[in-house]
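Enquirer: This is final.cif (mmCIF, C-alpha atoms).
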```cif
data_target
loop_
_atom_site.label_atom_id
_atom_site.label_comp_id
_atom_site.auth_asym_id
_atom_site.auth_seq_id
_atom_site.Cartn_x
_atom_site.Cartn_y
_atom_site.Cartn_z
CA MET I 282 -87.73 52.27 23.90
CA SER I 283 -88.59 48.76 25.05
CA PRO I 284 -88.33 47.75 28.69
CA ALA I 285 -85.14 45.87 29.42
CA LEU I 286 -84.26 43.26 31.99
CA PRO I 287 -82.03 44.49 34.76
CA GLU I 288 -78.38 44.31 33.78
CA ARG I 289 -76.09 41.95 35.62
CA ALA I 290 -73.26 43.54 37.53
CA PRO I 291 -69.86 42.85 35.88
CA ASP I 292 -68.72 40.75 38.85
CA GLU I 293 -71.79 38.52 38.43
CA ARG I 294 -70.87 37.42 34.91
CA PRO I 295 -69.83 33.80 34.71
CA ALA I 296 -66.18 33.12 34.07
CA ALA I 297 -66.99 30.37 31.58
CA VAL I 298 -67.90 31.09 27.98
CA ILE I 299 -71.66 31.27 27.47
CA SER I 300 -72.93 28.69 25.00
CA PRO I 301 -74.87 29.83 21.92
CA ARG I 302 -77.99 28.13 23.31
CA ARG I 303 -77.70 29.87 26.70
CA ARG I 304 -77.23 33.21 24.93
CA ALA I 305 -80.31 32.47 22.79
CA ARG I 306 -82.30 31.72 25.95
CA GLU I 307 -81.16 34.99 27.54
CA LEU I 308 -82.14 36.95 24.44
CA ALA I 309 -85.50 35.17 24.24
CA LEU I 310 -86.09 36.02 27.90
CA GLN I 311 -85.32 39.66 27.16
CA GLY I 312 -87.76 39.58 24.26
CA LEU I 313 -90.48 37.91 26.31
CA TYR I 314 -89.98 40.50 29.04
CA GLN I 315 -90.34 43.30 26.46
CA TRP I 316 -93.52 41.66 25.21
CA GLN I 317 -95.02 41.12 28.66
CA VAL I 318 -94.07 44.42 30.30
CA GLY I 319 -93.94 46.78 27.34
CA GLY I 320 -96.40 45.20 24.95
CA SER I 321 -93.85 45.06 22.12
CA ASP I 322 -94.73 42.88 19.16
CA GLU I 323 -92.71 40.00 17.77
CA ALA I 324 -91.20 41.91 14.82
CA ALA I 325 -90.11 44.86 16.96
CA ILE I 326 -88.60 42.55 19.58
CA GLU I 327 -86.64 40.55 17.02
CA ALA I 328 -85.36 43.71 15.30
CA HIS I 329 -84.33 45.27 18.61
CA LEU I 330 -82.55 42.16 19.87
CA ALA I 331 -80.82 41.51 16.54
CA ASP I 332 -78.92 44.75 17.16
CA SER I 333 -78.01 43.88 20.75
CA GLU I 334 -74.59 42.98 22.02
CA GLY I 335 -73.91 39.26 21.89
CA PHE I 336 -76.62 38.45 19.35
CA ALA I 337 -74.04 37.24 16.82
CA LYS I 338 -72.89 34.61 19.33
CA ALA I 339 -76.41 33.27 19.96
CA ASP I 340 -78.02 30.27 18.30
CA ARG I 341 -80.27 32.40 16.10
CA LYS I 342 -82.49 29.57 14.91
CA PHE I 343 -83.15 28.44 18.49
CA PHE I 344 -83.74 32.05 19.64
CA VAL I 345 -86.34 32.64 16.94
CA ALA I 346 -88.06 29.31 17.58
CA LEU I 347 -88.18 29.93 21.32
CA LEU I 348 -89.41 33.52 21.12
CA ARG I 349 -91.99 32.91 18.39
CA GLY I 350 -93.10 29.62 19.91
CA VAL I 351 -93.74 31.09 23.35
CA LEU I 352 -95.56 34.08 21.88
CA ALA I 353 -97.74 31.81 19.74
CA GLN I 354 -98.49 29.38 22.57
CA HIS I 355 -98.42 31.68 25.62
CA GLU I 356 -102.08 31.18 26.56
CA SER I 357 -101.84 27.40 26.35
CA LEU I 358 -98.51 27.36 28.20
CA ALA I 359 -99.85 29.62 30.96
CA GLY I 360 -102.83 27.30 31.33
CA GLN I 361 -100.58 24.24 31.63
CA LEU I 362 -98.34 26.05 34.11
CA GLN I 363 -101.33 27.14 36.20
CA ASP I 364 -101.87 23.54 37.31
CA CYS I 365 -98.35 23.61 38.82
CA LEU I 366 -98.60 27.03 40.51
CA ASP I 367 -99.64 28.06 44.01
CA ARG I 368 -101.14 31.36 42.79
CA PRO I 369 -102.70 32.75 39.62
CA PHE I 370 -100.25 33.02 36.72
CA ALA I 371 -101.01 36.74 36.45
CA GLU I 372 -99.59 37.28 39.95
CA LEU I 373 -96.11 35.98 39.07
CA SER I 374 -93.29 38.47 38.67
CA PRO I 375 -92.71 39.29 34.99
CA VAL I 376 -89.27 37.65 34.97
CA GLU I 377 -90.39 34.41 36.61
CA ALA I 378 -93.47 34.28 34.35
CA CYS I 379 -91.31 34.64 31.23
CA VAL I 380 -88.76 32.08 32.45
CA LEU I 381 -91.56 29.62 33.19
CA LEU I 382 -93.21 30.17 29.80
CA ALA I 383 -89.91 29.55 28.01
CA GLY I 384 -89.12 26.49 30.14
CA ALA I 385 -92.58 25.04 29.60
CA PHE I 386 -92.28 25.64 25.86
CA GLU I 387 -88.96 23.81 25.73
CA LEU I 388 -90.26 20.92 27.83
CA ALA I 389 -93.22 20.52 25.47
CA ASN I 390 -91.43 21.09 22.15
CA TYR I 391 -87.80 20.01 22.51
CA PRO I 392 -87.86 16.34 23.58
CA GLN I 393 -84.28 15.97 22.34
CA THR I 394 -83.12 18.31 25.13
CA PRO I 395 -83.04 16.49 28.49
CA TYR I 396 -85.60 17.90 30.90
CA ARG I 397 -82.90 18.48 33.56
CA VAL I 398 -80.98 20.68 31.11
CA ILE I 399 -84.09 22.77 30.44
CA ILE I 400 -84.82 23.13 34.15
CA ASN I 401 -81.20 23.98 35.00
CA GLU I 402 -81.02 26.60 32.25
CA SER I 403 -84.29 28.10 33.50
CA ILE I 404 -82.94 28.19 37.06
CA GLU I 405 -79.81 30.02 35.86
CA LEU I 406 -81.93 32.61 34.05
CA ALA I 407 -84.07 33.12 37.15
CA LYS I 408 -80.95 33.51 39.31
CA ALA I 409 -79.45 36.05 36.93
CA TYR I 410 -82.53 38.16 36.25
CA GLY I 411 -85.24 37.27 38.76
CA GLY I 412 -85.93 37.91 42.41
CA THR I 413 -83.87 36.55 45.28
CA ASP I 414 -85.56 33.16 45.57
CA GLY I 415 -87.30 33.10 42.21
CA HIS I 416 -85.03 30.33 40.98
CA LYS I 417 -86.35 28.00 43.69
CA TYR I 418 -89.91 28.64 42.58
CA VAL I 419 -88.97 28.10 38.92
CA ASN I 420 -87.30 24.82 39.86
CA GLY I 421 -90.36 23.52 41.73
CA VAL I 422 -92.83 24.52 39.04
CA LEU I 423 -90.81 23.11 36.15
CA ASP I 424 -90.17 19.88 38.08
CA LYS I 425 -93.95 19.42 38.32
CA MET I 426 -94.37 20.32 34.66
CA ALA I 427 -91.66 17.86 33.61
CA ALA I 428 -93.36 15.08 35.58
CA ARG I 429 -96.47 15.69 33.46
CA LEU I 430 -94.91 16.34 30.07
CA ARG I 431 -91.92 14.00 30.28
CA ARG I 432 -93.13 11.26 32.61
CA PRO I 433 -91.07 8.38 31.06
CA GLU I 434 -87.89 10.47 31.08
CA VAL I 435 -88.44 11.65 34.67
CA GLU I 436 -89.25 8.14 35.87
CA ALA I 437 -86.18 6.69 34.14
CA ARG I 438 -83.97 9.29 35.80
CA GLN I 439 -85.53 8.64 39.20
CA ALA I 440 -85.08 4.88 38.79
CA GLY I 441 -81.44 5.43 37.80
CA SER I 442 -80.86 7.62 40.85
CA LYS I 443 -82.30 4.96 43.16
CA ARG I 444 -80.05 2.26 41.65
CA ALA I 445 -76.97 4.48 42.07
CA ARG I 446 -77.54 4.76 45.83
#
```
Re-express the file's structure as structure tokens.
Expert:
Amino acid sequence: MSPALPERAPDERPAAVISPRRRARELALQGLYQWQVGGSDEAAIEAHLADSEGFAKADRKFFVALLRGVLAQHESLAGQLQDCLDRPFAELSPVEACVLLAGAFELANYPQTPYRVIINESIELAKAYGGTDGHKYVNGVLDKMAARLRRPEVEARQAGSKRAR
């Protein structure tokens, strides 16, 4: 049996309907966790998660692209993330490491998704599945990563924020 992320308590479930993309991100995080902690391979992870509750409501194409993309690029992504970390990547908790890998992958490969959306989704995953303050760390790291990978977008947002004041 593959390792599983800790389950959320029923009272922690959001009242709003979870979007297909959010569900795909949650499933990809579960798969990445199984890969990192249990050493499961891509095919076994996909087969296991395809049978999980809620899979039918996920954006399957996005889930597959996210999971396979992170697995294929994990060494490169970890190297890029290392420049934004205050400790070696290997010392991160498994959940935060997987959230950061997925967030970095999206920042690098999904320019059509605003960087703030990617960061916010990553923060929500870290809040739901990570340690107490892990979401703060994820936020700081992905902010630094976005400034490198999406400089024009980040600068445009910052300029817009200054004008709005």
Enquirer: Selected by the PyMOL selection byres ((chain I and resi 327) around 12) in the shown coordinates: which residues, as an MDAnalysis selection string?
Expert: chainID I and resid 283 305 308:313 315:316 321:326 328:333 336 341:342 344:349
Enquirer: Using all atoms listed in the file, what does the table of region 392-423 of chain I residues within 9 Å of region 430-439 of chain I look like, with each row giving the shortest atom pair and its distance in Å to one decimal, sorted by chain and ascending number, as JSON lines?
Expert:
```
{"residue": "I:Pro392", "atom": "CA", "partner": "I:Arg431", "partner_atom": "CA", "distance": 8.2}
{"residue": "I:Pro395", "atom": "CA", "partner": "I:Glu434", "partner_atom": "CA", "distance": 8.2}
{"residue": "I:Tyr396", "atom": "CA", "partner": "I:Arg431", "partner_atom": "CA", "distance": 7.5}
{"residue": "I:Arg397", "atom": "CA", "partner": "I:Val435", "partner_atom": "CA", "distance": 8.9}
```
Enquirer: Can you pull out the residues contacting His355 (chain I)? Cut-off 9 Å, using all atoms listed in the file, and skip same-chain residues under 4 positions away; I want them as a list of chain:residue names.
Expert: I:Gly350, I:Val351, I:Ala359, I:Gly360, I:Leu382, I:Phe386
Enquirer: Could you pull the residues within 12 Å of Gly411 (chain I), counting all atoms listed in the file, minus those fewer than 2 positions along the same chain, as a ChimeraX atom specification?
Expert: /I:286-289,310-311,314,373-381,403-409,413-419
Enquirer: Please put the answer as AutoDock Vina command-line options: centre and edge lengths, in Å with one decimal, of a box along x, y and z that encloses all listed atoms of region 301-314 of chain I plus 5 Å on each side.
Expert:
```
--center_x -82.7 --center_y 34.3 --center_z 25.5 --size_x 25.6 --size_y 22.4 --size_z 17.1
```
Enquirer: To one decimal in Å, tell me the separation between CA of Ser300 (chain I) and CA of Arg429 (chain I).
Expert: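 Interatomic distance here is 28.2 Å.
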Enquirer: To one decimal place in Å, what is the distance between CA of Val398 (chain I) and CA of Glu372 (chain I)?
Expert: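 Separation of CA of Val398 (chain I) and CA of Glu372 (chain I): 26.5 Å.
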Enquirer: For CA of Met426 (chain I) and CA of Asp364 (chain I), quote the distance in Å rounded to one decimal.
Expert: 8.6 Å
Enquirer: Which residue, I:Arg302, I:Asp367, I:Ser357, I:Leu362, has the smallest gap to Gly335 (chain I) when you use all atoms listed in the file?
Expert: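 Of I:Arg302, I:Asp367, I:Ser357, I:Leu362, the one nearest Gly335 (chain I), counting all atoms listed in the file, is I:Arg302.
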Enquirer: Find the residues near region 420-425 of chain I: any atom within 7 Å, counting all atoms listed in the file, skip ones fewer than 6 places away on the same chain, and give them as a list in words.
Expert: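 So the residues in contact are Cys365, Leu366, Ile400 and Ile404 of chain I.
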Enquirer: Kindly output region 303-334 of chain I as an mmCIF file, keeping the file's coordinate frame, after building N, CA and C atoms.
Expert:
```
data_model
loop_
_atom_site.group_PDB
_atom_site.id
_atom_site.type_symbol
_atom_site.label_atom_id
_atom_site.label_comp_id
_atom_site.auth_asym_id
_atom_site.auth_seq_id
_atom_site.Cartn_x
_atom_site.Cartn_y
_atom_site.Cartn_z
ATOM 1 N N ARG I 303 -77.436 29.067 25.499
ATOM 2 C CA ARG I 303 -77.700 29.870 26.700
ATOM 3 C C ARG I 303 -77.913 31.326 26.287
ATOM 4 N N ARG I 304 -77.086 31.828 25.391
ATOM 5 C CA ARG I 304 -77.230 33.210 24.930
ATOM 6 C C ARG I 304 -78.587 33.387 24.246
ATOM 7 N N ALA I 305 -79.008 32.400 23.461
ATOM 8 C CA ALA I 305 -80.310 32.470 22.790
ATOM 9 C C ALA I 305 -81.436 32.502 23.827
ATOM 10 N N ARG I 306 -81.294 31.712 24.889
ATOM 11 C CA ARG I 306 -82.300 31.720 25.950
ATOM 12 C C ARG I 306 -82.349 33.080 26.644
ATOM 13 N N GLU I 307 -81.193 33.662 26.908
ATOM 14 C CA GLU I 307 -81.160 34.990 27.540
ATOM 15 C C GLU I 307 -81.832 36.030 26.658
ATOM 16 N N LEU I 308 -81.524 35.995 25.368
ATOM 17 C CA LEU I 308 -82.140 36.950 24.440
ATOM 18 C C LEU I 308 -83.640 36.719 24.327
ATOM 19 N N ALA I 309 -84.059 35.458 24.290
ATOM 20 C CA ALA I 309 -85.500 35.170 24.240
ATOM 21 C C ALA I 309 -86.180 35.686 25.500
ATOM 22 N N LEU I 310 -85.527 35.502 26.650
ATOM 23 C CA LEU I 310 -86.090 36.020 27.900
ATOM 24 C C LEU I 310 -86.229 37.541 27.830
ATOM 25 N N GLN I 311 -85.234 38.202 27.301
ATOM 26 C CA GLN I 311 -85.320 39.660 27.160
ATOM 27 C C GLN I 311 -86.493 40.038 26.257
ATOM 28 N N GLY I 312 -86.654 39.307 25.170
ATOM 29 C CA GLY I 312 -87.760 39.580 24.260
ATOM 30 C C GLY I 312 -89.114 39.317 24.893
ATOM 31 N N LEU I 313 -89.215 38.226 25.638
ATOM 32 C CA LEU I 313 -90.480 37.910 26.310
ATOM 33 C C LEU I 313 -90.802 38.960 27.370
ATOM 34 N N TYR I 314 -89.790 39.438 28.038
ATOM 35 C CA TYR I 314 -89.980 40.500 29.040
ATOM 36 C C TYR I 314 -90.477 41.781 28.352
ATOM 37 N N GLN I 315 -89.891 42.120 27.216
ATOM 38 C CA GLN I 315 -90.340 43.300 26.460
ATOM 39 C C GLN I 315 -91.785 43.134 26.025
ATOM 40 N N TRP I 316 -92.153 41.940 25.626
ATOM 41 C CA TRP I 316 -93.520 41.660 25.210
ATOM 42 C C TRP I 316 -94.473 41.768 26.391
ATOM 43 N N GLN I 317 -94.111 41.157 27.518
ATOM 44 C CA GLN I 317 -95.020 41.120 28.660
ATOM 45 C C GLN I 317 -95.147 42.485 29.332
ATOM 46 N N VAL I 318 -94.050 43.162 29.554
ATOM 47 C CA VAL I 318 -94.070 44.420 30.300
ATOM 48 C C VAL I 318 -94.380 45.615 29.394
ATOM 49 N N GLY I 319 -93.786 45.617 28.209
ATOM 50 C CA GLY I 319 -93.940 46.780 27.340
ATOM 51 C C GLY I 319 -94.929 46.630 26.219
ATOM 52 N N GLY I 320 -95.427 45.415 26.009
ATOM 53 C CA GLY I 320 -96.400 45.200 24.950
ATOM 54 C C GLY I 320 -95.805 45.225 23.550
ATOM 55 N N SER I 321 -94.487 45.074 23.438
ATOM 56 C CA SER I 321 -93.850 45.060 22.120
ATOM 57 C C SER I 321 -94.316 43.863 21.318
ATOM 58 N N ASP I 322 -94.327 44.010 19.996
ATOM 59 C CA ASP I 322 -94.730 42.880 19.160
ATOM 60 C C ASP I 322 -93.499 42.101 18.702
ATOM 61 N N GLU I 323 -93.765 40.940 18.159
ATOM 62 C CA GLU I 323 -92.710 40.000 17.770
ATOM 63 C C GLU I 323 -91.671 40.633 16.835
ATOM 64 N N ALA I 324 -92.122 41.323 15.795
ATOM 65 C CA ALA I 324 -91.200 41.910 14.820
ATOM 66 C C ALA I 324 -90.311 42.969 15.470
ATOM 67 N N ALA I 325 -90.889 43.815 16.292
ATOM 68 C CA ALA I 325 -90.110 44.860 16.960
ATOM 69 C C ALA I 325 -89.097 44.254 17.926
ATOM 70 N N ILE I 326 -89.505 43.219 18.631
ATOM 71 C CA ILE I 326 -88.600 42.550 19.580
ATOM 72 C C ILE I 326 -87.422 41.938 18.834
ATOM 73 N N GLU I 327 -87.715 41.197 17.768
ATOM 74 C CA GLU I 327 -86.640 40.550 17.020
ATOM 75 C C GLU I 327 -85.683 41.588 16.423
ATOM 76 N N ALA I 328 -86.216 42.662 15.884
ATOM 77 C CA ALA I 328 -85.360 43.710 15.300
ATOM 78 C C ALA I 328 -84.492 44.352 16.372
ATOM 79 N N HIS I 329 -85.080 44.649 17.516
ATOM 80 C CA HIS I 329 -84.330 45.270 18.610
ATOM 81 C C HIS I 329 -83.216 44.354 19.096
ATOM 82 N N LEU I 330 -83.543 43.091 19.333
ATOM 83 C CA LEU I 330 -82.550 42.160 19.870
ATOM 84 C C LEU I 330 -81.483 41.788 18.853
ATOM 85 N N ALA I 331 -81.813 41.813 17.569
ATOM 86 C CA ALA I 331 -80.820 41.510 16.540
ATOM 87 C C ALA I 331 -79.675 42.517 16.559
ATOM 88 N N ASP I 332 -79.951 43.709 17.065
ATOM 89 C CA ASP I 332 -78.920 44.750 17.160
ATOM 90 C C ASP I 332 -78.210 44.756 18.505
ATOM 91 N N SER I 333 -78.591 43.859 19.408
ATOM 92 C CA SER I 333 -78.010 43.880 20.750
ATOM 93 C C SER I 333 -76.654 43.192 20.795
ATOM 94 N N GLU I 334 -75.902 43.566 21.811
ATOM 95 C CA GLU I 334 -74.590 42.980 22.020
ATOM 96 C C GLU I 334 -74.736 41.481 22.286
#
```
